[in-house]
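Source file coords.pdb; content: PDB, C-alpha atoms and all ligand atoms.
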ATOM      1  CA  MET A   1     -18.485   4.690  14.028
ATOM      2  CA  ASP A   2     -17.634   7.090  11.197
ATOM      3  CA  GLU A   3     -18.334   5.200   7.970
ATOM      4  CA  ARG A   4     -16.992   7.968   5.761
ATOM      5  CA  LYS A   5     -13.934   7.451   3.566
ATOM      6  CA  ARG A   6     -10.936   9.783   3.766
ATOM      7  CA  VAL A   7      -9.743  12.172   1.097
ATOM      8  CA  GLU A   8      -6.418  13.781   1.898
ATOM      9  CA  VAL A   9      -3.869  15.904   0.098
ATOM     10  CA  CYS A  10      -0.129  15.235   0.081
ATOM     11  CA  PHE A  11       1.734  18.354  -1.068
ATOM     12  CA  THR A  12       4.837  16.716  -2.547
ATOM     13  CA  PRO A  13       6.142  13.257  -3.501
ATOM     14  CA  ASP A  14       8.786  13.708  -0.783
ATOM     15  CA  GLU A  15       6.010  13.547   1.847
ATOM     16  CA  TYR A  16       4.329  10.484   0.331
ATOM     17  CA  ALA A  17       5.976   8.131   2.850
ATOM     18  CA  TYR A  18       3.858   9.720   5.604
ATOM     19  CA  TYR A  19       0.610   8.761   3.808
ATOM     20  CA  LYS A  20       1.586   5.518   2.098
ATOM     21  CA  ASP A  21      -0.544   2.421   2.794
ATOM     22  CA  GLU A  22      -3.528   4.363   4.194
ATOM     23  CA  PHE A  23      -5.229   4.939   0.830
ATOM     24  CA  GLU A  24      -6.450   2.505  -1.794
ATOM     25  CA  ILE A  25      -6.512   5.154  -4.531
ATOM     26  CA  VAL A  26      -3.735   7.633  -5.248
ATOM     27  CA  VAL A  27      -4.455  10.469  -7.687
ATOM     28  CA  VAL A  28      -1.190  11.797  -9.130
ATOM     29  CA  ILE A  29      -1.442  15.478 -10.081
ATOM     30  CA  ASP A  30       0.975  17.658 -12.047
ATOM     31  CA  VAL A  31      -1.162  20.398 -13.592
ATOM     32  CA  LEU A  32       1.812  22.198 -15.226
ATOM     33  CA  ARG A  33       2.243  20.063 -17.221
ATOM     34  CA  ALA A  34       2.870  16.329 -16.965
ATOM     35  CA  THR A  35      -0.533  14.992 -15.964
ATOM     36  CA  SER A  36      -2.303  17.508 -18.222
ATOM     37  CA  ALA A  37      -0.188  16.253 -21.130
ATOM     38  CA  MET A  38      -1.112  12.667 -20.200
ATOM     39  CA  CYS A  39      -4.839  13.462 -20.177
ATOM     40  CA  ALA A  40      -4.471  15.259 -23.528
ATOM     41  CA  ALA A  41      -2.620  12.251 -24.922
ATOM     42  CA  PHE A  42      -5.426   9.822 -24.084
ATOM     43  CA  GLU A  43      -8.067  12.275 -25.262
ATOM     44  CA  ASN A  44      -6.212  12.294 -28.584
ATOM     45  CA  GLY A  45      -6.023   8.539 -29.015
ATOM     46  CA  ILE A  46      -2.722   7.417 -27.544
ATOM     47  CA  LYS A  47      -2.787   3.745 -26.473
ATOM     48  CA  ALA A  48      -0.427   3.806 -23.483
ATOM     49  CA  ILE A  49       2.199   5.897 -21.733
ATOM     50  CA  ILE A  50       5.139   4.267 -19.999
ATOM     51  CA  PRO A  51       6.201   6.770 -17.318
ATOM     52  CA  VAL A  52       9.838   6.485 -16.292
ATOM     53  CA  PRO A  53      11.563   8.480 -13.546
ATOM     54  CA  THR A  54      14.919   9.012 -15.270
ATOM     55  CA  VAL A  55      16.056  10.422 -18.598
ATOM     56  CA  GLU A  56      18.430   7.458 -18.943
ATOM     57  CA  GLU A  57      15.527   5.003 -18.864
ATOM     58  CA  ALA A  58      13.632   7.066 -21.439
ATOM     59  CA  MET A  59      16.720   7.018 -23.680
ATOM     60  CA  GLU A  60      17.044   3.231 -23.344
ATOM     61  CA  TYR A  61      13.473   2.874 -24.600
ATOM     62  CA  LYS A  62      14.153   5.341 -27.408
ATOM     63  CA  GLN A  63      17.151   3.322 -28.520
ATOM     64  CA  LYS A  64      14.924   0.244 -28.647
ATOM     65  CA  GLY A  65      12.651   2.070 -31.108
ATOM     66  CA  TYR A  66       9.945   3.425 -28.796
ATOM     67  CA  LEU A  67       8.468   6.899 -29.207
ATOM     68  CA  ALA A  68      10.050   8.546 -26.167
ATOM     69  CA  GLY A  69       9.919  12.044 -24.703
ATOM     70  CA  ALA A  70      11.755  13.707 -21.848
ATOM     71  CA  GLU A  71      11.513  17.059 -20.091
ATOM     72  CA  ARG A  72      13.705  18.652 -17.464
ATOM     73  CA  LYS A  73      13.200  22.162 -16.036
ATOM     74  CA  GLY A  74      10.430  22.783 -18.557
ATOM     75  CA  GLN A  75      12.513  22.046 -21.631
ATOM     76  CA  ILE A  76      12.810  19.107 -24.012
ATOM     77  CA  VAL A  77      15.910  17.124 -23.084
ATOM     78  CA  GLU A  78      18.573  17.012 -25.780
ATOM     79  CA  GLY A  79      18.276  13.842 -27.838
ATOM     80  CA  PHE A  80      14.467  13.716 -27.585
ATOM     81  CA  ASP A  81      11.917  15.052 -30.058
ATOM     82  CA  PHE A  82       9.241  15.981 -27.563
ATOM     83  CA  GLY A  83       8.745  16.620 -23.866
ATOM     84  CA  ASN A  84       5.814  17.634 -21.808
ATOM     85  CA  SER A  85       3.687  19.966 -23.866
ATOM     86  CA  PRO A  86       0.090  18.718 -24.160
ATOM     87  CA  PHE A  87       0.155  19.890 -27.789
ATOM     88  CA  SER A  88       2.889  17.354 -28.607
ATOM     89  CA  TYR A  89       0.369  14.615 -27.908
ATOM     90  CA  MET A  90      -2.214  15.893 -30.354
ATOM     91  CA  ASN A  91      -0.158  14.278 -33.055
ATOM     92  CA  PRO A  92      -1.892  11.860 -35.470
ATOM     93  CA  ASP A  93       1.342   9.816 -35.547
ATOM     94  CA  PHE A  94       0.819   8.986 -31.861
ATOM     95  CA  VAL A  95      -2.703   7.567 -32.267
ATOM     96  CA  GLY A  96      -2.825   3.928 -31.125
ATOM     97  CA  LYS A  97       0.851   4.024 -30.038
ATOM     98  CA  GLU A  98       2.721   3.521 -26.780
ATOM     99  CA  VAL A  99       4.842   6.469 -25.698
ATOM    100  CA  VAL A 100       7.569   6.619 -23.045
ATOM    101  CA  LEU A 101       7.837   9.783 -20.955
ATOM    102  CA  SER A 102      10.130  11.135 -18.256
ATOM    103  CA  THR A 103       9.442  14.529 -16.627
ATOM    104  CA  THR A 104      10.929  16.521 -13.757
ATOM    105  CA  ASN A 105       8.207  15.896 -11.192
ATOM    106  CA  GLY A 106       5.136  14.145 -12.653
ATOM    107  CA  THR A 107       6.719  10.841 -13.593
ATOM    108  CA  ARG A 108       8.618  10.906 -10.313
ATOM    109  CA  SER A 109       5.306  11.053  -8.407
ATOM    110  CA  LEU A 110       3.971   8.160 -10.462
ATOM    111  CA  ASP A 111       7.072   6.177  -9.581
ATOM    112  CA  VAL A 112       6.742   6.977  -5.885
ATOM    113  CA  ALA A 113       3.052   5.933  -5.827
ATOM    114  CA  LYS A 114       3.276   2.940  -8.158
ATOM    115  CA  ASP A 115       2.675   0.305  -5.452
ATOM    116  CA  ALA A 116      -0.687   1.723  -4.364
ATOM    117  CA  GLU A 117      -3.731  -0.435  -5.131
ATOM    118  CA  ILE A 118      -5.043   2.008  -7.761
ATOM    119  CA  VAL A 119      -3.078   4.907  -9.259
ATOM    120  CA  VAL A 120      -4.922   7.359 -11.514
ATOM    121  CA  VAL A 121      -3.875  10.586 -13.189
ATOM    122  CA  GLY A 122      -5.615  13.861 -12.386
ATOM    123  CA  SER A 123      -5.423  17.371 -13.790
ATOM    124  CA  LEU A 124      -7.788  20.281 -14.233
ATOM    125  CA  LEU A 125      -8.496  18.858 -17.678
ATOM    126  CA  ASN A 126     -10.359  15.831 -16.286
ATOM    127  CA  VAL A 127     -11.205  17.128 -12.812
ATOM    128  CA  ASP A 128     -15.003  16.708 -12.853
ATOM    129  CA  ALA A 129     -15.044  13.285 -14.530
ATOM    130  CA  LEU A 130     -12.335  12.055 -12.175
ATOM    131  CA  SER A 131     -14.073  13.418  -9.059
ATOM    132  CA  GLU A 132     -17.347  11.751 -10.007
ATOM    133  CA  TRP A 133     -15.555   8.454 -10.634
ATOM    134  CA  LEU A 134     -13.766   8.697  -7.263
ATOM    135  CA  LEU A 135     -17.077   9.284  -5.492
ATOM    136  CA  LYS A 136     -18.428   5.996  -6.885
ATOM    137  CA  GLN A 137     -15.434   3.906  -5.784
ATOM    138  CA  ASP A 138     -16.111   4.006  -2.027
ATOM    139  CA  LYS A 139     -12.375   3.932  -1.237
ATOM    140  CA  ASN A 140      -9.926   6.163   0.635
ATOM    141  CA  VAL A 141      -8.348   8.691  -1.736
ATOM    142  CA  LEU A 142      -4.998  10.448  -1.568
ATOM    143  CA  CYS A 143      -4.355  13.355  -3.937
ATOM    144  CA  LEU A 144      -0.595  13.370  -4.498
ATOM    145  CA  CYS A 145       0.669  16.720  -5.764
ATOM    146  CA  SER A 146       3.891  16.568  -7.744
ATOM    147  CA  GLY A 147       5.098  20.023  -6.670
ATOM    148  CA  TRP A 148       8.406  21.265  -8.006
ATOM    149  CA  GLN A 149      11.604  19.409  -7.123
ATOM    150  CA  GLY A 150      10.305  18.377  -3.731
ATOM    151  CA  LYS A 151       8.659  21.715  -2.944
ATOM    152  CA  PHE A 152       4.983  22.724  -2.629
ATOM    153  CA  ASN A 153       3.238  24.323  -5.603
ATOM    154  CA  LEU A 154      -0.050  26.150  -5.948
ATOM    155  CA  GLU A 155      -1.495  24.661  -9.137
ATOM    156  CA  ASP A 156      -1.347  21.012  -8.054
ATOM    157  CA  THR A 157      -2.706  21.919  -4.625
ATOM    158  CA  ILE A 158      -5.648  23.777  -6.182
ATOM    159  CA  CYS A 159      -6.497  20.783  -8.357
ATOM    160  CA  ALA A 160      -6.254  18.483  -5.315
ATOM    161  CA  GLY A 161      -8.515  20.956  -3.476
ATOM    162  CA  ALA A 162     -11.086  20.798  -6.286
ATOM    163  CA  ILE A 163     -11.229  17.008  -6.038
ATOM    164  CA  SER A 164     -11.414  16.971  -2.242
ATOM    165  CA  ASP A 165     -13.983  19.797  -2.134
ATOM    166  CA  PHE A 166     -16.246  17.750  -4.429
ATOM    167  CA  LEU A 167     -15.822  14.538  -2.413
ATOM    168  CA  LEU A 168     -16.275  16.302   0.944
ATOM    169  CA  SER A 169     -19.457  18.044  -0.268
ATOM    170  CA  SER A 170     -20.987  14.633  -0.931
ATOM    171  CA  GLY A 171     -20.971  13.929   2.817
ATOM    172  CA  LYS A 172     -19.400  10.517   2.133
ATOM    173  CA  PHE A 173     -15.822  11.654   2.751
ATOM    174  CA  THR A 174     -13.901  13.283   5.556
ATOM    175  CA  ALA A 175     -10.472  14.948   5.714
ATOM    176  CA  ASN A 176      -8.262  15.090   8.800
ATOM    177  CA  GLU A 177      -5.056  16.679   7.614
ATOM    178  CA  ASP A 178      -4.317  20.419   7.599
ATOM    179  CA  SER A 179      -2.876  20.015   4.075
ATOM    180  CA  SER A 180      -6.316  18.873   2.895
ATOM    181  CA  ILE A 181      -8.089  21.778   4.587
ATOM    182  CA  ALA A 182      -5.573  24.238   3.082
ATOM    183  CA  ALA A 183      -6.012  22.720  -0.398
ATOM    184  CA  LYS A 184      -9.776  23.082  -0.163
ATOM    185  CA  TYR A 185      -9.544  26.769   0.793
ATOM    186  CA  LEU A 186      -6.989  27.466  -1.929
ATOM    187  CA  PHE A 187      -9.288  25.861  -4.492
ATOM    188  CA  GLN A 188     -12.251  27.899  -3.254
ATOM    189  CA  SER A 189     -10.230  31.118  -3.626
ATOM    190  CA  ALA A 190      -8.923  30.192  -7.074
ATOM    191  CA  SER A 191     -11.856  28.478  -8.735
ATOM    192  CA  LYS A 192     -13.381  31.516 -10.432
ATOM    193  CA  ASN A 193     -10.180  32.440 -12.242
ATOM    194  CA  TYR A 194      -7.346  29.899 -12.190
ATOM    195  CA  LEU A 195      -5.231  31.869 -14.629
ATOM    196  CA  GLY A 196      -5.505  35.072 -12.596
ATOM    197  CA  PHE A 197      -5.012  33.345  -9.238
ATOM    198  CA  LEU A 198      -1.883  31.626 -10.472
ATOM    199  CA  LYS A 199      -0.500  34.703 -12.208
ATOM    200  CA  SER A 200       2.546  35.016  -9.996
ATOM    201  CA  SER A 201       2.956  31.338  -9.131
ATOM    202  CA  SER A 202       6.518  30.089  -9.511
ATOM    203  CA  HIS A 203       5.930  27.510 -12.212
ATOM    204  CA  ARG A 204       3.658  29.743 -14.237
ATOM    205  CA  ARG A 205       6.489  32.307 -14.258
ATOM    206  CA  ARG A 206       9.016  29.611 -15.155
ATOM    207  CA  LEU A 207       6.943  28.390 -18.122
ATOM    208  CA  LYS A 208       6.078  31.933 -19.212
ATOM    209  CA  ASN A 209       9.795  32.708 -19.401
ATOM    210  CA  LEU A 210      10.079  29.732 -21.762
ATOM    211  CA  ASN A 211       7.275  31.194 -23.945
ATOM    212  CA  LEU A 212       4.881  28.420 -22.984
ATOM    213  CA  ASN A 213       1.823  30.629 -22.478
ATOM    214  CA  GLU A 214      -0.422  28.487 -24.682
ATOM    215  CA  ASP A 215       0.478  25.421 -22.620
ATOM    216  CA  ILE A 216      -0.352  27.306 -19.425
ATOM    217  CA  LYS A 217      -3.766  28.412 -20.716
ATOM    218  CA  TYR A 218      -4.595  24.932 -21.956
ATOM    219  CA  CYS A 219      -3.579  23.231 -18.705
ATOM    220  CA  LEU A 220      -5.566  25.709 -16.599
ATOM    221  CA  THR A 221      -8.786  25.286 -18.600
ATOM    222  CA  PRO A 222     -10.854  22.718 -16.705
ATOM    223  CA  ASN A 223     -12.931  19.850 -18.028
ATOM    224  CA  GLN A 224     -11.689  19.410 -21.547
ATOM    225  CA  THR A 225     -11.849  15.630 -21.292
ATOM    226  CA  GLU A 226     -13.483  12.778 -19.395
ATOM    227  CA  VAL A 227     -10.568  10.369 -19.770
ATOM    228  CA  ILE A 228      -8.985   8.950 -16.633
ATOM    229  CA  PRO A 229      -5.522   7.475 -17.150
ATOM    230  CA  VAL A 230      -4.821   4.553 -14.796
ATOM    231  CA  LEU A 231      -1.562   2.738 -14.054
ATOM    232  CA  LYS A 232      -1.633  -0.962 -15.030
ATOM    233  CA  ASP A 233       1.528  -3.073 -14.937
ATOM    234  CA  GLY A 234       3.789  -0.032 -15.210
ATOM    235  CA  LYS A 235       1.872   1.572 -18.083
ATOM    236  CA  LEU A 236      -0.761   4.276 -18.077
ATOM    237  CA  VAL A 237      -3.830   3.259 -20.037
ATOM    238  CA  LYS A 238      -7.295   4.719 -20.394
ATOM    239  CA  LEU A 239      -9.661   3.601 -17.645
ATOM    240  CA  GLU A 240     -12.586   1.815 -19.257
ATOM    241  CA  ALA A 241     -15.971   2.512 -17.670
TER
HETATM  242  O1  LIG A 301       7.607  18.436 -13.557
HETATM  243  C1  LIG A 301       7.011  17.949 -14.469
HETATM  244  O2  LIG A 301       6.732  16.769 -14.533
HETATM  245  C2  LIG A 301       6.678  18.880 -15.594
HETATM  246  O3  LIG A 301       5.332  18.910 -15.785
HETATM  247  C3  LIG A 301       7.357  20.189 -15.490
HETATM  248  S1  LIG A 301       7.156  21.227 -16.863
HETATM  249  O4  LIG A 301       5.829  21.772 -16.884
HETATM  250  O5  LIG A 301       7.424  20.542 -18.094
HETATM  251  O6  LIG A 301       8.102  22.314 -16.669
END
Could you quickly redo this structure as structure tokens?
Amino acid sequence: MDERKRVEVCFTPDEYAYYKDEFEIVVVIDVLRATSAMCAAFENGIKAIIPVPTVEEAMEYKQKGYLAGAERKGQIVEGFDFGNSPFSYMNPDFVGKEVVLSTTNGTRSLDVAKDAEIVVVGSLLNVDALSEWLLKQDKNVLCLCSGWQGKFNLEDTICAGAISDFLLSSGKFTANEDSSIAAKYLFQSASKNYLGFLKSSSHRRRLKNLNLNEDIKYCLTPNQTEVIPVLKDGKLVKLEA
């Protein structure tokens, strides 16, 4: 009998129903920019992030006095002071605080996956630390890419490929799905130069048109942190070793 655990890649939250219940750990990935911003937030001392799928929910929290941010289509939603830029979370005023956040795709993926046994946040920023932690867990892992409004995207798939490539190389994991094989090959093609590989990707173009080049560079620079955000009772907190 094959004792190996599975690591698979789901390209979009819309496909999550096909994978649900087969994996103890779900890694939610939104490289540009939600899960990168979340990793940056914990690296910079935030206490918790309450991810909410809708702008209305974020506004309700804001009206109750919470620090709340919202992003749609790459831009800060009117009525909010911050959105999804990782640099917004390098704010000394946020240290030790709880922040509410709603984004186009990333918080939607977290909402879709919230009933899994363990939900963690992945990005290129924490990719090595997260992969090593996953290897030690001895559980089946699903990398859930957030994509863009239900569609496939390259940057999340490459990050998922990096995680699965690492786990598969250990010999302790196997992958059965074509999505997982494709993600691994995309990662292997991109890994020497993420910025160059993703030059003409749709979301990179979208963010570049919004003058968010610094965000793009930051989010595509791997291993800037070892923090692993984990979902506990509806809030993201820092996983303690
Ligand atoms: O979709 C999301 O959750 C965002 O990361 C999108 S954006 O990078 O802010 O455009």
- If the PyMOL selection byres (((not hetatm)) within 8 of (chain A and resi 301)) is run on the structure shown, which residues does it catch, given as a list in words?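 Applied to this file, the PyMOL selection byres (((not hetatm)) within 8 of (chain A and resi 301)) returns Asp30, Val31, Leu32, Arg33, Ala34, Thr35, Glu71, Arg72, Lys73, Gly74, Gln75, Gly83, Asn84, Ser85, Ser102, Thr103, Thr104, Asn105, Gly106, Thr107, Arg108, Ser146, Gly147, Trp148, Gln149, His203, Arg206 and Leu207 of chain A.
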Would you write out those residues with C-alpha atoms, as an mmCIF file, in the coordinates of the input?
data_model
loop_
_atom_site.group_PDB
_atom_site.id
_atom_site.type_symbol
_atom_site.label_atom_id
_atom_site.label_comp_id
_atom_site.auth_asym_id
_atom_site.auth_seq_id
_atom_site.Cartn_x
_atom_site.Cartn_y
_atom_site.Cartn_z
ATOM 1 C CA ASP A 30 0.975 17.658 -12.047
ATOM 2 C CA VAL A 31 -1.162 20.398 -13.592
ATOM 3 C CA LEU A 32 1.812 22.198 -15.226
ATOM 4 C CA ARG A 33 2.243 20.063 -17.221
ATOM 5 C CA ALA A 34 2.870 16.329 -16.965
ATOM 6 C CA THR A 35 -0.533 14.992 -15.964
ATOM 7 C CA GLU A 71 11.513 17.059 -20.091
ATOM 8 C CA ARG A 72 13.705 18.652 -17.464
ATOM 9 C CA LYS A 73 13.200 22.162 -16.036
ATOM 10 C CA GLY A 74 10.430 22.783 -18.557
ATOM 11 C CA GLN A 75 12.513 22.046 -21.631
ATOM 12 C CA GLY A 83 8.745 16.620 -23.866
ATOM 13 C CA ASN A 84 5.814 17.634 -21.808
ATOM 14 C CA SER A 85 3.687 19.966 -23.866
ATOM 15 C CA SER A 102 10.130 11.135 -18.256
ATOM 16 C CA THR A 103 9.442 14.529 -16.627
ATOM 17 C CA THR A 104 10.929 16.521 -13.757
ATOM 18 C CA ASN A 105 8.207 15.896 -11.192
ATOM 19 C CA GLY A 106 5.136 14.145 -12.653
ATOM 20 C CA THR A 107 6.719 10.841 -13.593
ATOM 21 C CA ARG A 108 8.618 10.906 -10.313
ATOM 22 C CA SER A 146 3.891 16.568 -7.744
ATOM 23 C CA GLY A 147 5.098 20.023 -6.670
ATOM 24 C CA TRP A 148 8.406 21.265 -8.006
ATOM 25 C CA GLN A 149 11.604 19.409 -7.123
ATOM 26 C CA HIS A 203 5.930 27.510 -12.212
ATOM 27 C CA ARG A 206 9.016 29.611 -15.155
ATOM 28 C CA LEU A 207 6.943 28.390 -18.122
#
- Item | Protein, DNA and RNA residues within 6 Å of (1.1, 23.4, -22.6), all atoms listed in the file, as a list of chain:residue names |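 Returned residue set, sorted by chain then number, is A:Ser85, A:Pro86, A:Glu214, A:Asp215, A:Ile216, A:Tyr218.
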- For a cut-off of 10 Å around (-18.4, 2.7, 5.7), file coordinates, pick out all residues using all atoms listed in the file and list them as a list of chain:residue names.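 Output of the proximity query reads A:Met1, A:Asp2, A:Glu3, A:Arg4, A:Lys5, A:Asp138, A:Lys139, A:Lys172, A:Phe173.
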- Task: State, in Å with one decimal place, the distance from CA of Glu78 (chain A) to CA of Phe42 (chain A).
- Result: 25.1 Å
- Task: Would you mind listing what lies within 9 Å of Phe166 (chain A) as a VMD selection string, with only C-alpha atoms counted and same-chain residues fewer than 5 positions away left out?
- Result: chain A and resid 128 131 to 132 135 161
- Using only C-alpha atoms, which of the listed residues (A:Asn140, A:Ser191, A:Asn213, A:Ser36) sits closest to Leu168 (chain A)?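 Result for the nearest residue to Leu168 (chain A): A:Asn140.
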- Query: Can you tell me, as an MDAnalysis selection string, what residues are no more than 8 Å from Phe23 (chain A) when counting all atoms listed in the file, ignoring any on the same chain fewer than 2 positions away?
  - Reply: chainID A and resid 19:21 25:26 116 139:142
- Task: Enumerate, as a ChimeraX atom specification, the residues matched when the PyMOL selection byres (((chain A and resi 177) around 12) and not hetatm) is run on the file above.
- Result: /A:6-11,18-19,142,164,174-176,178-184
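In this structure, CA of Leu195 (chain A) sits 6.5 Å away from CA of Leu220 (chain A).
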- Shortest interatomic distance to Ala160 (chain A) - which of A:Glu57, A:Gly65, A:Asp111, A:Val28, counting all atoms listed in the file: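 Nearest to Ala160 (chain A): A:Val28.
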- Task: Kindly give the distance, in Å, that separates CA of Leu212 (chain A) and CA of Leu198 (chain A), rounded to a single decimal.
- Result: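 One can read the CA of Leu212 (chain A) to CA of Leu198 (chain A) distance as 14.6 Å.
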- Nearby residues (all atoms listed in the file) at most 12 Å from Glu56 (chain A), same-chain spacing under 2 positions excluded, as an MDAnalysis selection string: chainID A and resid 52:54 58:63 68:71 77:80 100:103
